[in-house]
file input.txt (compact mmCIF, C-alpha atoms)
# COMPACT_ATOMS: atom_id res chain seq x y z
CA MET A 210 -29.39 -37.13 38.72
CA LYS A 211 -32.30 -35.20 37.15
CA THR A 212 -31.12 -33.79 33.84
CA ILE A 213 -32.66 -31.30 31.43
CA ALA A 214 -31.46 -29.79 28.15
CA VAL A 215 -32.38 -26.22 27.26
CA ASP A 216 -31.94 -24.39 23.97
CA ILE A 217 -30.92 -20.73 23.86
CA ASP A 218 -32.29 -19.05 20.74
CA ASP A 219 -35.99 -18.20 21.00
CA VAL A 220 -36.10 -20.14 24.24
CA LEU A 221 -33.90 -18.33 26.75
CA ASN A 222 -33.66 -15.27 24.52
CA ASP A 223 -35.65 -13.33 21.90
CA PHE A 224 -33.43 -14.14 18.94
CA SER A 225 -36.07 -13.89 16.18
CA ALA A 226 -37.46 -10.61 17.49
CA THR A 227 -33.93 -9.23 17.73
CA LEU A 228 -33.17 -10.26 14.15
CA GLU A 229 -36.39 -8.66 12.95
CA LYS A 230 -36.12 -5.34 14.77
CA THR A 231 -32.37 -4.68 14.60
CA THR A 232 -31.00 -2.35 11.95
CA PHE A 233 -27.78 -3.64 10.47
CA PRO A 234 -25.97 -0.77 8.76
CA TYR A 235 -23.91 -1.46 5.67
CA GLU A 236 -20.21 -1.80 6.33
CA ALA A 237 -17.38 -2.32 3.88
CA SER A 238 -16.03 -5.05 6.17
CA TYR A 239 -18.79 -7.35 4.93
CA GLY A 240 -16.88 -7.41 1.64
CA LEU A 241 -20.07 -7.07 -0.39
CA PRO A 242 -21.50 -4.46 -2.76
CA GLN A 243 -24.32 -2.51 -1.10
CA GLU A 244 -26.92 -4.08 -3.35
CA THR A 245 -25.83 -7.60 -2.46
CA PHE A 246 -25.73 -6.64 1.21
CA ALA A 247 -29.35 -5.47 1.07
CA HIS A 248 -30.41 -8.63 -0.79
CA TYR A 249 -28.63 -10.94 1.64
CA LEU A 250 -29.97 -9.06 4.66
CA ALA A 251 -33.52 -9.45 3.38
CA LEU A 252 -32.93 -13.19 2.98
CA VAL A 253 -31.51 -13.54 6.48
CA LYS A 254 -34.31 -11.51 8.04
CA GLY A 255 -36.84 -13.63 6.16
CA ASN A 256 -35.14 -16.80 7.40
CA ALA A 257 -34.51 -17.78 3.77
CA MET A 258 -31.42 -19.29 2.20
CA GLU A 259 -29.61 -18.46 -1.00
CA GLU A 260 -29.75 -21.19 -3.61
CA SER A 261 -26.31 -22.72 -3.90
CA GLU A 262 -24.73 -26.09 -4.48
CA PHE A 263 -21.92 -25.16 -2.10
CA LEU A 264 -21.65 -25.43 1.68
CA THR A 265 -19.63 -22.34 2.39
CA THR A 266 -20.49 -19.26 0.38
CA GLN A 267 -20.43 -15.49 0.71
CA PHE A 268 -24.03 -15.73 1.82
CA SER A 269 -23.39 -18.35 4.49
CA ASP A 270 -20.58 -16.20 5.91
CA PHE A 271 -22.83 -13.14 5.86
CA ARG A 272 -25.69 -15.01 7.54
CA PHE A 273 -23.35 -16.18 10.27
CA ARG A 274 -22.14 -12.62 10.89
CA ILE A 275 -25.67 -11.27 11.24
CA HIS A 276 -26.73 -14.14 13.50
CA ALA A 277 -23.61 -13.70 15.63
CA GLN A 278 -24.56 -10.07 16.23
CA CYS A 279 -28.06 -11.14 17.27
CA TYR A 280 -26.66 -13.70 19.72
CA GLN A 281 -25.06 -10.82 21.57
CA LEU A 282 -27.91 -8.33 21.21
CA ALA A 283 -30.75 -10.67 22.14
CA ALA A 284 -32.52 -10.07 25.44
CA ALA A 285 -32.85 -12.83 28.00
CA ARG A 286 -36.32 -13.94 29.07
CA PRO A 287 -36.53 -13.06 32.77
CA ASP A 288 -38.68 -16.11 33.53
CA GLY A 289 -36.13 -18.26 31.64
CA VAL A 290 -33.32 -16.92 33.79
CA SER A 291 -35.33 -17.60 36.95
CA PHE A 292 -36.09 -21.12 35.70
CA MET A 293 -32.41 -21.91 35.09
CA GLN A 294 -31.56 -20.57 38.55
CA TRP A 295 -34.33 -22.67 40.06
CA LEU A 296 -32.94 -25.77 38.32
CA ARG A 297 -29.50 -25.11 39.79
CA GLU A 298 -30.89 -24.50 43.27
CA ASN A 299 -32.87 -27.71 43.10
CA GLY A 300 -30.03 -30.02 42.08
CA TRP A 301 -30.79 -30.44 38.39
CA ARG A 302 -28.01 -31.11 35.92
CA THR A 303 -28.51 -28.60 33.08
CA VAL A 304 -27.21 -28.87 29.54
CA ILE A 305 -27.38 -25.87 27.25
CA CYS A 306 -28.06 -27.51 23.89
CA THR A 307 -27.84 -25.37 20.78
CA LYS A 308 -27.42 -25.50 17.01
CA ARG A 309 -25.10 -22.49 17.16
CA ASP A 310 -21.57 -23.08 15.89
CA LEU A 311 -19.85 -22.96 19.24
CA ARG A 312 -16.45 -23.19 17.57
CA LEU A 313 -16.97 -19.61 16.48
CA THR A 314 -19.48 -18.36 19.03
CA GLY A 315 -18.54 -20.34 22.15
CA GLY A 316 -16.87 -17.36 23.80
CA SER A 317 -19.68 -14.91 23.13
CA THR A 318 -22.30 -17.50 24.09
CA LYS A 319 -20.64 -18.16 27.42
CA LYS A 320 -20.30 -14.44 28.04
CA TRP A 321 -23.99 -13.86 27.27
CA LEU A 322 -25.00 -16.64 29.66
CA ALA A 323 -22.74 -15.25 32.38
CA ASP A 324 -23.88 -11.67 31.81
CA HIS A 325 -27.47 -12.80 32.28
CA HIS A 326 -26.70 -14.92 35.34
CA ILE A 327 -27.83 -18.13 33.65
CA PRO A 328 -26.24 -21.14 35.35
CA TYR A 329 -25.58 -24.37 33.47
CA ASP A 330 -23.40 -27.44 33.79
CA TYR A 331 -22.59 -28.30 30.18
CA LEU A 332 -22.67 -26.56 26.83
CA PHE A 333 -23.28 -28.66 23.71
CA MET A 334 -23.79 -27.94 20.03
CA THR A 335 -25.62 -30.46 17.91
CA PRO A 336 -27.74 -30.44 14.78
CA ASN A 337 -30.12 -33.03 16.27
CA LYS A 338 -31.06 -32.34 19.86
CA LEU A 339 -33.48 -35.26 20.15
CA VAL A 340 -30.76 -37.74 19.21
CA PHE A 341 -28.40 -36.08 21.65
CA CYS A 342 -30.97 -36.29 24.46
CA ARG A 343 -31.71 -39.94 23.73
CA GLN A 344 -28.05 -40.88 23.60
CA TRP A 345 -27.16 -39.00 26.76
CA GLN A 346 -30.32 -40.11 28.54
CA VAL A 347 -31.61 -36.59 29.01
CA PRO A 348 -35.37 -37.00 29.44
CA TYR A 349 -36.40 -33.35 29.05
CA LEU A 350 -35.71 -30.84 26.30
CA VAL A 351 -36.87 -27.22 26.19
CA ASP A 352 -36.73 -26.17 22.55
CA ASP A 353 -38.64 -24.21 19.91
CA ASP A 354 -37.65 -26.37 16.91
CA VAL A 355 -40.73 -27.65 15.10
CA PHE A 356 -39.02 -30.93 14.13
CA ASN A 357 -38.18 -31.69 17.74
CA ILE A 358 -41.71 -30.86 18.84
CA LEU A 359 -43.21 -33.17 16.22
CA TYR A 360 -40.89 -36.09 17.04
CA SER A 361 -40.98 -35.67 20.78
CA GLY A 362 -43.19 -38.72 21.27
CA GLN A 363 -41.25 -41.06 18.98
CA SER A 364 -37.92 -40.13 20.49
CA GLY A 365 -38.98 -40.72 24.06
CA VAL A 366 -37.82 -37.24 24.98
CA GLN A 367 -40.35 -34.92 26.58
CA VAL A 368 -40.16 -31.64 24.71
CA TYR A 369 -41.44 -28.35 26.12
CA TYR A 370 -41.68 -25.43 23.71
CA PRO A 371 -42.36 -21.72 24.01
CA VAL A 372 -45.55 -21.14 22.03
CA MET A 373 -44.77 -19.07 18.91
CA ASP A 374 -46.59 -18.31 15.65
CA LYS A 375 -44.57 -20.97 13.82
CA HIS A 376 -46.11 -23.62 16.08
CA ALA A 377 -49.69 -22.79 15.13
CA ALA A 378 -50.04 -25.73 12.73
CA ILE A 379 -48.76 -28.32 15.17
CA VAL A 380 -51.32 -30.95 16.04
CA THR A 381 -51.30 -31.75 19.73
CA ASN A 382 -48.85 -34.48 20.63
CA ILE A 383 -46.74 -35.38 23.64
CA ALA A 384 -44.79 -32.12 23.45
CA ARG A 385 -46.22 -29.35 25.61
CA GLY A 386 -46.25 -25.67 24.73
CA PHE A 387 -45.70 -23.12 27.46
CA ARG A 388 -46.12 -19.38 27.80
CA ARG A 389 -44.25 -19.01 31.08
CA PHE A 390 -41.29 -21.08 32.30
CA GLU A 391 -43.11 -21.57 35.59
CA GLU A 392 -45.30 -24.04 33.73
CA ILE A 393 -42.33 -26.29 32.95
CA GLN A 394 -41.19 -26.00 36.53
CA GLN A 395 -44.54 -27.41 37.57
CA TRP A 396 -44.64 -30.13 34.88
CA ILE A 397 -41.23 -31.58 35.63
CA GLN A 398 -42.14 -31.92 39.28
CA GLU A 399 -45.34 -33.84 38.56
CA MET B 206 8.62 -42.02 25.05
CA ASP B 207 6.68 -43.66 22.21
CA THR B 208 8.43 -42.78 18.94
CA ARG B 209 5.13 -41.71 17.43
CA VAL B 210 4.51 -39.32 20.31
CA ALA B 211 8.01 -37.92 19.86
CA LEU B 212 7.31 -37.31 16.16
CA LEU B 213 4.07 -35.49 16.92
CA GLU B 214 5.82 -33.43 19.59
CA MET B 215 8.33 -32.36 16.91
CA LEU B 216 5.79 -31.58 14.21
CA TYR B 217 3.52 -29.67 16.56
CA GLN B 218 6.29 -28.26 18.71
CA HIS B 219 4.84 -24.79 19.17
CA MET B 220 1.17 -25.61 19.19
CA ARG B 221 -0.76 -25.27 22.41
CA ARG B 222 -0.40 -27.97 25.04
CA ASP B 223 -2.96 -26.51 27.43
CA ARG B 224 -5.99 -27.22 25.24
CA LEU B 225 -7.21 -29.64 22.63
CA LYS B 226 -10.33 -31.05 21.13
CA LEU B 227 -10.90 -34.74 21.62
CA GLU B 228 -12.93 -36.62 19.01
CA SER B 229 -14.51 -39.89 19.99
CA ARG B 230 -17.57 -42.08 19.68
CA GLN B 231 -17.62 -42.33 23.47
CA PHE B 232 -20.10 -40.19 25.31
CA GLY B 233 -21.93 -39.67 28.58
CA PHE B 234 -21.54 -37.64 31.72
CA ASP B 235 -19.30 -40.33 33.25
CA PHE B 236 -17.03 -40.08 30.21
CA ILE B 237 -16.75 -36.33 30.77
CA GLU B 238 -15.69 -37.09 34.34
CA GLN B 239 -12.90 -39.30 32.95
CA LEU B 240 -11.77 -36.64 30.50
CA THR B 241 -11.57 -33.99 33.18
CA ALA B 242 -10.05 -36.23 35.86
CA ASP B 243 -6.62 -34.55 35.66
CA GLY B 244 -8.06 -31.09 36.21
CA ALA B 245 -8.97 -30.32 32.59
CA VAL B 246 -12.11 -28.28 32.00
CA LEU B 247 -14.74 -29.10 29.38
CA ASP B 248 -15.37 -25.87 27.49
CA TYR B 249 -18.10 -27.30 25.27
CA GLY B 250 -19.09 -30.47 23.49
CA GLN B 251 -20.16 -31.15 19.90
CA VAL B 252 -22.21 -34.01 18.56
CA ASP B 253 -22.38 -34.18 14.78
CA SER B 254 -25.03 -35.79 12.62
CA HIS B 255 -23.03 -39.03 12.51
CA LEU B 256 -22.93 -39.20 16.32
CA VAL B 257 -19.24 -38.38 16.51
CA HIS B 258 -18.59 -36.51 19.74
CA LYS B 259 -16.03 -33.77 20.20
CA TYR B 260 -14.98 -32.30 23.52
CA ARG B 261 -13.03 -29.05 23.74
CA LEU B 262 -10.83 -29.37 26.79
CA LEU B 263 -9.04 -26.47 28.44
CA GLN B 264 -6.51 -26.03 31.24
CA LEU B 265 -4.71 -29.26 30.46
CA SER B 266 -1.88 -30.21 32.78
CA GLU B 267 1.26 -31.84 31.35
CA VAL B 268 -0.02 -35.13 32.78
CA ALA B 269 -3.30 -34.74 30.91
CA TRP B 270 -1.51 -33.74 27.69
CA ASP B 271 0.70 -36.86 27.90
CA ARG B 272 -2.36 -39.02 28.52
CA PHE B 273 -4.28 -37.61 25.57
CA ILE B 274 -1.44 -37.67 23.04
CA THR B 275 -0.66 -41.26 24.03
CA GLY B 276 -4.32 -42.18 23.66
CA HIS B 277 -4.31 -40.53 20.25
CA VAL B 278 -1.37 -42.49 18.83
CA ASN B 279 -2.93 -45.66 20.27
CA GLN B 280 -6.09 -44.78 18.34
CA GLU B 281 -8.37 -44.61 21.38
CA TYR B 282 -9.65 -41.29 20.01
CA ASN B 283 -8.41 -38.39 17.89
CA ILE B 284 -7.00 -35.20 19.23
CA CYS B 285 -7.26 -31.89 17.41
CA LEU B 286 -4.74 -29.18 18.21
CA TYR B 287 -4.81 -25.40 18.48
CA PHE B 288 -2.15 -23.05 17.17
CA ASP B 289 -0.20 -20.75 19.44
CA GLU B 290 -1.66 -17.25 19.53
CA ARG B 291 1.53 -15.46 18.46
CA GLU B 292 3.91 -17.69 16.51
CA ASN B 293 4.13 -21.22 15.21
CA SER B 294 6.65 -23.54 13.62
CA ALA B 295 4.01 -25.40 11.62
CA PHE B 296 1.23 -24.25 9.35
CA CYS B 297 -1.49 -26.10 7.57
CA LEU B 298 -3.81 -25.73 4.62
CA ASN B 299 -7.02 -27.63 5.19
CA LEU B 300 -8.86 -28.42 1.95
CA ASP B 301 -12.40 -29.75 1.93
CA ASN B 302 -14.96 -30.71 -0.67
CA ASN B 303 -17.35 -27.74 -0.55
CA TYR B 304 -20.36 -29.35 -2.21
CA LYS B 305 -23.55 -29.62 -0.16
CA SER B 306 -24.41 -33.01 -1.57
CA SER B 307 -22.03 -35.99 -1.38
CA ASN B 308 -19.30 -33.89 0.11
CA THR B 309 -17.23 -36.91 1.00
CA ALA B 310 -17.04 -37.98 -2.65
CA PRO B 311 -13.78 -37.45 -4.53
CA ILE B 312 -13.90 -34.44 -6.83
CA PRO B 313 -11.27 -33.53 -9.43
CA GLU B 314 -10.92 -30.00 -8.06
CA LEU B 315 -9.60 -31.27 -4.72
CA ASP B 316 -6.87 -33.43 -6.20
CA LEU B 317 -5.97 -30.69 -8.64
CA ALA B 318 -5.77 -28.16 -5.83
CA VAL B 319 -3.31 -30.43 -4.00
CA LEU B 320 -1.27 -30.80 -7.18
CA TYR B 321 -1.16 -27.03 -7.74
CA LEU B 322 -0.31 -26.40 -4.09
CA ARG B 323 2.61 -28.84 -4.32
CA GLN B 324 3.79 -26.96 -7.42
CA HIS B 325 3.42 -23.53 -5.83
CA PHE B 326 5.19 -24.59 -2.63
CA GLY B 327 7.83 -26.17 -4.82
CA GLU B 328 8.53 -22.81 -6.48
CA TYR B 329 9.97 -21.74 -3.11
CA GLY B 330 11.74 -25.02 -2.41
CA MET B 331 9.08 -26.16 0.05
CA GLU B 332 7.48 -29.56 0.26
CA PRO B 333 4.26 -30.03 2.25
CA LEU B 334 3.31 -33.20 4.06
CA VAL B 335 -0.03 -34.12 2.54
CA LEU B 336 -2.54 -36.12 4.59
CA LYS B 337 -5.93 -37.48 3.64
CA SER B 338 -8.39 -36.03 6.10
CA GLY B 339 -12.15 -36.34 6.22
CA ARG B 340 -13.65 -34.47 3.26
CA GLY B 341 -10.28 -33.52 1.82
CA TYR B 342 -6.63 -33.02 2.62
CA HIS B 343 -4.36 -31.39 5.15
CA LEU B 344 -1.09 -29.96 3.84
CA TRP B 345 1.35 -29.37 6.69
CA CYS B 346 4.61 -27.47 6.49
CA ARG B 347 7.17 -27.35 9.27
CA LEU B 348 9.63 -24.55 9.94
CA GLN B 349 12.94 -24.92 11.74
CA ALA B 350 12.03 -21.96 13.95
CA PRO B 351 8.68 -20.39 14.77
CA ALA B 352 7.42 -17.48 12.68
CA ALA B 353 4.80 -14.84 13.49
CA ASN B 354 1.25 -15.91 12.71
CA ALA B 355 0.68 -12.85 10.53
CA ALA B 356 3.62 -13.85 8.31
CA LEU B 357 2.44 -17.46 8.09
CA TYR B 358 -1.12 -16.42 7.28
CA GLY B 359 -0.01 -13.83 4.72
CA PHE B 360 2.08 -16.46 2.98
CA MET B 361 -0.75 -19.03 2.95
CA VAL B 362 -3.30 -16.53 1.63
CA ARG B 363 -1.08 -15.84 -1.36
CA ILE B 364 -0.34 -19.50 -2.02
CA VAL B 365 -4.08 -20.22 -1.90
CA ALA B 366 -4.76 -17.29 -4.25
CA LYS B 367 -2.26 -18.74 -6.71
CA THR B 368 -3.91 -22.14 -6.41
CA MET B 369 -7.40 -20.73 -6.98
CA ALA B 370 -6.07 -18.93 -10.04
CA SER B 371 -4.55 -22.19 -11.29
CA LEU B 372 -7.87 -23.98 -10.83
CA HIS B 373 -9.67 -21.21 -12.66
CA MET B 374 -7.16 -21.18 -15.52
CA SER B 375 -7.56 -24.93 -15.96
CA GLY B 376 -11.31 -24.52 -16.33
CA HIS B 377 -12.34 -25.62 -12.84
CA ASP B 378 -14.55 -23.89 -10.30
CA TYR B 379 -12.46 -23.07 -7.24
CA HIS B 380 -15.65 -22.68 -5.19
CA ALA B 381 -15.77 -26.49 -5.14
CA VAL B 382 -12.88 -26.46 -2.70
CA LYS B 383 -13.04 -24.89 0.73
CA PHE B 384 -9.61 -23.60 1.74
CA ASN B 385 -8.95 -23.10 5.44
CA MET B 386 -5.65 -21.93 6.76
CA GLY B 387 -4.03 -22.33 10.15
CA PRO B 388 -2.83 -20.42 12.01
CA ASN B 389 -5.52 -17.92 11.08
CA PRO B 390 -5.26 -14.96 13.48
CA ARG B 391 -9.03 -14.33 13.18
CA VAL B 392 -9.96 -17.74 14.58
CA ILE B 393 -6.74 -18.66 16.33
CA ASP B 394 -8.38 -19.90 19.52
CA THR B 395 -11.49 -21.40 17.99
CA VAL B 396 -10.44 -23.64 15.12
CA SER B 397 -8.44 -26.80 15.74
CA LEU B 398 -6.89 -29.34 13.38
CA ARG B 399 -6.76 -33.10 13.72
CA ALA B 400 -3.31 -34.31 14.61
CA PHE B 401 -1.39 -36.74 12.41
CA GLY B 402 -2.34 -40.31 13.25
CA SER B 403 -6.07 -39.65 13.36
CA ILE B 404 -8.57 -42.32 12.52
CA HIS B 405 -11.50 -41.09 10.47
CA ALA B 406 -14.41 -41.18 12.90
CA ARG B 407 -16.92 -42.46 10.35
CA THR B 408 -14.85 -44.66 8.05
CA GLY B 409 -12.22 -45.90 10.51
CA MET B 410 -9.55 -45.04 7.93
CA PHE B 411 -6.11 -43.88 9.07
CA SER B 412 -5.25 -40.35 7.93
CA GLN B 413 -2.77 -41.56 5.36
CA VAL B 414 0.12 -39.63 3.89
CA VAL B 415 -0.46 -38.89 0.22
CA THR B 416 2.66 -38.70 -1.89
CA GLU B 417 2.67 -37.56 -5.50
CA GLY B 418 2.25 -41.13 -6.65
CA GLU B 419 0.31 -42.99 -3.98
CA MET B 420 -1.52 -43.09 -0.70
CA LEU B 421 0.64 -44.74 1.96
CA GLY B 422 -0.47 -47.27 4.52
CA GLU B 423 -0.33 -46.63 8.25
CA GLN B 424 3.23 -47.78 8.95
CA ALA B 425 4.59 -46.17 5.81
CA SER B 426 2.80 -42.94 6.77
CA TRP B 427 4.54 -42.86 10.16
CA ALA B 428 7.86 -43.58 8.43
CA CYS B 429 7.18 -40.76 6.00
CA LEU B 430 6.41 -38.40 8.89
CA ALA B 431 9.73 -39.37 10.51
CA ARG B 432 11.61 -38.49 7.30
CA TYR B 433 9.59 -35.32 6.92
CA VAL B 434 10.35 -33.87 10.35
CA GLU B 435 14.02 -34.84 9.97
CA GLU B 436 14.66 -33.61 6.46
CA LYS B 437 12.01 -31.22 5.21
CA ALA B 438 11.84 -28.45 7.77
CA ILE B 439 11.96 -25.00 6.18
CA SER B 440 14.68 -22.67 7.38
CA SER B 441 13.84 -19.15 8.54
CA GLN B 442 15.83 -17.69 5.65
CA GLN B 443 14.02 -19.86 3.13
CA PHE B 444 10.64 -18.82 4.55
CA ALA B 445 11.60 -15.14 4.60
CA ASP B 446 12.75 -15.35 0.98
CA ALA B 447 9.54 -17.12 -0.04
CA CYS B 448 7.42 -14.47 1.71
CA ARG B 449 9.31 -11.68 -0.03
CA ILE B 450 8.92 -13.23 -3.47
CA VAL B 451 5.25 -14.16 -3.10
CA LYS B 452 4.41 -10.68 -1.78
CA LYS B 453 5.89 -9.20 -4.93
CA GLU B 454 3.91 -11.66 -7.04
CA ILE B 455 0.64 -11.02 -5.22
CA PRO B 456 0.48 -7.64 -3.49
CA LEU B 457 -2.72 -7.59 -1.40

call {"tool": "encode", "arguments": {"input": "input.txt", "output": "structure tokens"}}
result
Amino acid sequence: MKTIAVDIDDVLNDFSATLEKTTFPYEASYGLPQETFAHYLALVKGNAMEESEFLTTQFSDFRFRIHAQCYQLAAARPDGVSFMQWLRENGWRTVICTKRDLRLTGGSTKKWLADHHIPYDYLFMTPNKLVFCRQWQVPYLVDDDVFNILYSGQSGVQVYYPVMDKHAAIVTNIARGFRRFEEIQQWIQE
Amino acid sequence: MDTRVALLEMLYQHMRRDRLKLESRQFGFDFIEQLTADGAVLDYGQVDSHLVHKYRLLQLSEVAWDRFITGHVNQEYNICLYFDERENSAFCLNLDNNYKSSNTAPIPELDLAVLYLRQHFGEYGMEPLVLKSGRGYHLWCRLQAPAANAALYGFMVRIVAKTMASLHMSGHDYHAVKFNMGPNPRVIDTVSLRAFGSIHARTGMFSQVVTEGEMLGEQASWACLARYVEEKAISSQQFADACRIVKKEIPL
């Protein structure tokens, strides 16, 4: 069966734009002084991390809470929705493949996909999508992650990525950038 | 019924039987077909950086539950269980090494935290069953009758607060230990815990019982579990008394 893996954030949705443009008002429920809240929010919006020797910190909890709000607020790309529907109609097996912590966001992720009429067969979380695709013999991956784009050729997985500013420095390799999902539709039928 | 299955059924008596997370090195779409053969539904899968796969399975039938718990005690895979949404007769403190680097390495704070927890539980006549698990320890307690999750969580929060204070007073940084508590009403349906009898997915080590003096082998751990479920269950009165006292000690 033809199988393809598709990421959500900044692929099927506009996660980064949502994070940038959304105003997150201070709330006591964050459990932080206002000053710390403002500092942490600036870090999260700038895609920066707080220096720490620990895995779980106040900042990591805060970052998760902001990201979780963006997961729900993010808009779906209409051409992405159409692409996923086209895959379903044409007998593709589709795997939503994300770095999100589905233990905590599985419910809201599934709701967002359903609300936007995005069909899929399986939902997977993994820190390394290329390894997942290789192991599970998934030949195609649609993803914005720079690492996955750079190692597309070596992994044997064909990566397609939505062209974004962060990809400007990428030297052409086997991965292919797209502006409209219709391009992928064409490529995977070649 | 396998004696080991019977013991797990006793320890986890009120935990959910309609869902679990299965942890395995097996993978593939055919494997998913096998997992869902009895009508179970794959909610989502996880693949960690060490290629350990986890599958959250919902809508388990009794047949599927029996199959998975039997597979677990036979070490075909691990199962991780979910707490009931309202009340439970077991609760667990899950302690992990919280350092970013070498977070599987032994750190003094973890062992000290276990020691202090034993002492604090002991103040209320309680004795936890301590298991080595992954990056740290699981401390299970079993009640003779189920208690409301809010009461269990409120009790655990205070015991953990006392333990963090003990770590601090002894000159250690309590941030080095990540304390998770189950059942936690906030993540009741999302966070699962490995069942007793698990094999560490990376090291192949059995999740041994840790007594105050030693770490037991596999057979001795099962024997210890048998004694624990028989003799150490906490009565409702004892738990109510402990909650009352600890609330006075630590009003939140």

call {"tool": "atom_distance", "arguments": {"input": "input.txt", "atom1": "atom CA of A:Glu229", "atom2": "atom CA of A:Asp353"}}
result
17.2 Å

call {"tool": "residues_around", "arguments": {"input": "input.txt", "residues": "B:Asn354", "least_positions_apart": "5", "cutoff": "10 Å", "atoms": "all atoms listed in the file", "output": "count of residues only"}}
result
16

call {"tool": "interface_residues", "arguments": {"input": "input.txt", "of": "chain B", "to": "chain A", "cutoff": "6 Å", "atoms": "all atoms listed in the file", "output": "ChimeraX atom specification"}}
result
/B:233,249-253,303-305,395

call {"tool": "atom_distance", "arguments": {"input": "input.txt", "atom1": "atom CA of A:Asp219", "atom2": "atom CA of A:Glu399"}}
result
25.3 Å

call {"tool": "atom_distance", "arguments": {"input": "input.txt", "atom1": "atom CA of A:Phe273", "atom2": "atom CA of A:Asp223"}}
result
17.2 Å

call {"tool": "residues_around", "arguments": {"input": "input.txt", "residues": "A:Phe390", "least_positions_apart": "5", "cutoff": "12 Å", "atoms": "all atoms listed in the file", "output": "JSON list (two decimals) with C-alpha atoms, keeping the file's coordinate frame"}}
result
[["chain", "number", "residue", "atom", "x", "y", "z"],
["A", 215, "VAL", "CA", -32.38, -26.22, 27.26],
["A", 220, "VAL", "CA", -36.10, -20.14, 24.24],
["A", 221, "LEU", "CA", -33.90, -18.33, 26.75],
["A", 286, "ARG", "CA", -36.32, -13.94, 29.07],
["A", 287, "PRO", "CA", -36.53, -13.06, 32.77],
["A", 288, "ASP", "CA", -38.68, -16.11, 33.53],
["A", 289, "GLY", "CA", -36.13, -18.26, 31.64],
["A", 290, "VAL", "CA", -33.32, -16.92, 33.79],
["A", 291, "SER", "CA", -35.33, -17.60, 36.95],
["A", 292, "PHE", "CA", -36.09, -21.12, 35.70],
["A", 293, "MET", "CA", -32.41, -21.91, 35.09],
["A", 294, "GLN", "CA", -31.56, -20.57, 38.55],
["A", 295, "TRP", "CA", -34.33, -22.67, 40.06],
["A", 296, "LEU", "CA", -32.94, -25.77, 38.32],
["A", 351, "VAL", "CA", -36.87, -27.22, 26.19],
["A", 352, "ASP", "CA", -36.73, -26.17, 22.55],
["A", 369, "TYR", "CA", -41.44, -28.35, 26.12],
["A", 370, "TYR", "CA", -41.68, -25.43, 23.71],
["A", 371, "PRO", "CA", -42.36, -21.72, 24.01],
["A", 372, "VAL", "CA", -45.55, -21.14, 22.03],
["A", 385, "ARG", "CA", -46.22, -29.35, 25.61],
["A", 395, "GLN", "CA", -44.54, -27.41, 37.57],
["A", 396, "TRP", "CA", -44.64, -30.13, 34.88],
["A", 397, "ILE", "CA", -41.23, -31.58, 35.63]]

call {"tool": "closest_residue", "arguments": {"input": "input.txt", "among": "B:Arg222, B:Lys337, B:His277, B:Arg363", "to": "B:Glu454", "atoms": "all atoms listed in the file"}}
result
B:Arg363

call {"tool": "residues_around", "arguments": {"input": "input.txt", "residues": "B:Ala400", "least_positions_apart": "4", "cutoff": "10 Å", "atoms": "only C-alpha atoms", "output": "ChimeraX atom specification"}}
result
/B:213,216-217,274,277-278,283-287,343,404,412

call {"tool": "residues_around", "arguments": {"input": "input.txt", "residues": "B:Phe273", "least_positions_apart": "6", "cutoff": "10 Å", "atoms": "only C-alpha atoms", "output": "number ranges by chain"}}
result
B: 225-227, 240, 265, 267, 279, 281-284

call {"tool": "write_last_selection", "arguments": {"input": "input.txt", "atoms": "C-alpha atoms", "output": "mmCIF file, keeping the file's coordinate frame"}}
result
data_model
loop_
_atom_site.group_PDB
_atom_site.id
_atom_site.type_symbol
_atom_site.label_atom_id
_atom_site.label_comp_id
_atom_site.auth_asym_id
_atom_site.auth_seq_id
_atom_site.Cartn_x
_atom_site.Cartn_y
_atom_site.Cartn_z
ATOM 1 C CA LEU B 225 -7.210 -29.640 22.630
ATOM 2 C CA LYS B 226 -10.330 -31.050 21.130
ATOM 3 C CA LEU B 227 -10.900 -34.740 21.620
ATOM 4 C CA LEU B 240 -11.770 -36.640 30.500
ATOM 5 C CA LEU B 265 -4.710 -29.260 30.460
ATOM 6 C CA GLU B 267 1.260 -31.840 31.350
ATOM 7 C CA ASN B 279 -2.930 -45.660 20.270
ATOM 8 C CA GLU B 281 -8.370 -44.610 21.380
ATOM 9 C CA TYR B 282 -9.650 -41.290 20.010
ATOM 10 C CA ASN B 283 -8.410 -38.390 17.890
ATOM 11 C CA ILE B 284 -7.000 -35.200 19.230
#

call {"tool": "residues_near_point", "arguments": {"input": "input.txt", "point": "(-16.2, -29.2, 1.3)", "cutoff": "10 Å", "atoms": "all atoms listed in the file", "output": "compact mmCIF listing (two decimals) with C-alpha atoms, in the frame of the given file"}}
result
# COMPACT_ATOMS: atom_id res chain seq x y z
CA PHE A 263 -21.92 -25.16 -2.10
CA LEU A 264 -21.65 -25.43 1.68
CA THR A 265 -19.63 -22.34 2.39
CA LEU B 300 -8.86 -28.42 1.95
CA ASP B 301 -12.40 -29.75 1.93
CA ASN B 302 -14.96 -30.71 -0.67
CA ASN B 303 -17.35 -27.74 -0.55
CA TYR B 304 -20.36 -29.35 -2.21
CA LYS B 305 -23.55 -29.62 -0.16
CA SER B 306 -24.41 -33.01 -1.57
CA SER B 307 -22.03 -35.99 -1.38
CA ASN B 308 -19.30 -33.89 0.11
CA THR B 309 -17.23 -36.91 1.00
CA ALA B 310 -17.04 -37.98 -2.65
CA ILE B 312 -13.90 -34.44 -6.83
CA LEU B 315 -9.60 -31.27 -4.72
CA GLY B 339 -12.15 -36.34 6.22
CA ARG B 340 -13.65 -34.47 3.26
CA GLY B 341 -10.28 -33.52 1.82
CA HIS B 380 -15.65 -22.68 -5.19
CA ALA B 381 -15.77 -26.49 -5.14
CA VAL B 382 -12.88 -26.46 -2.70
CA LYS B 383 -13.04 -24.89 0.73
CA PHE B 384 -9.61 -23.60 1.74
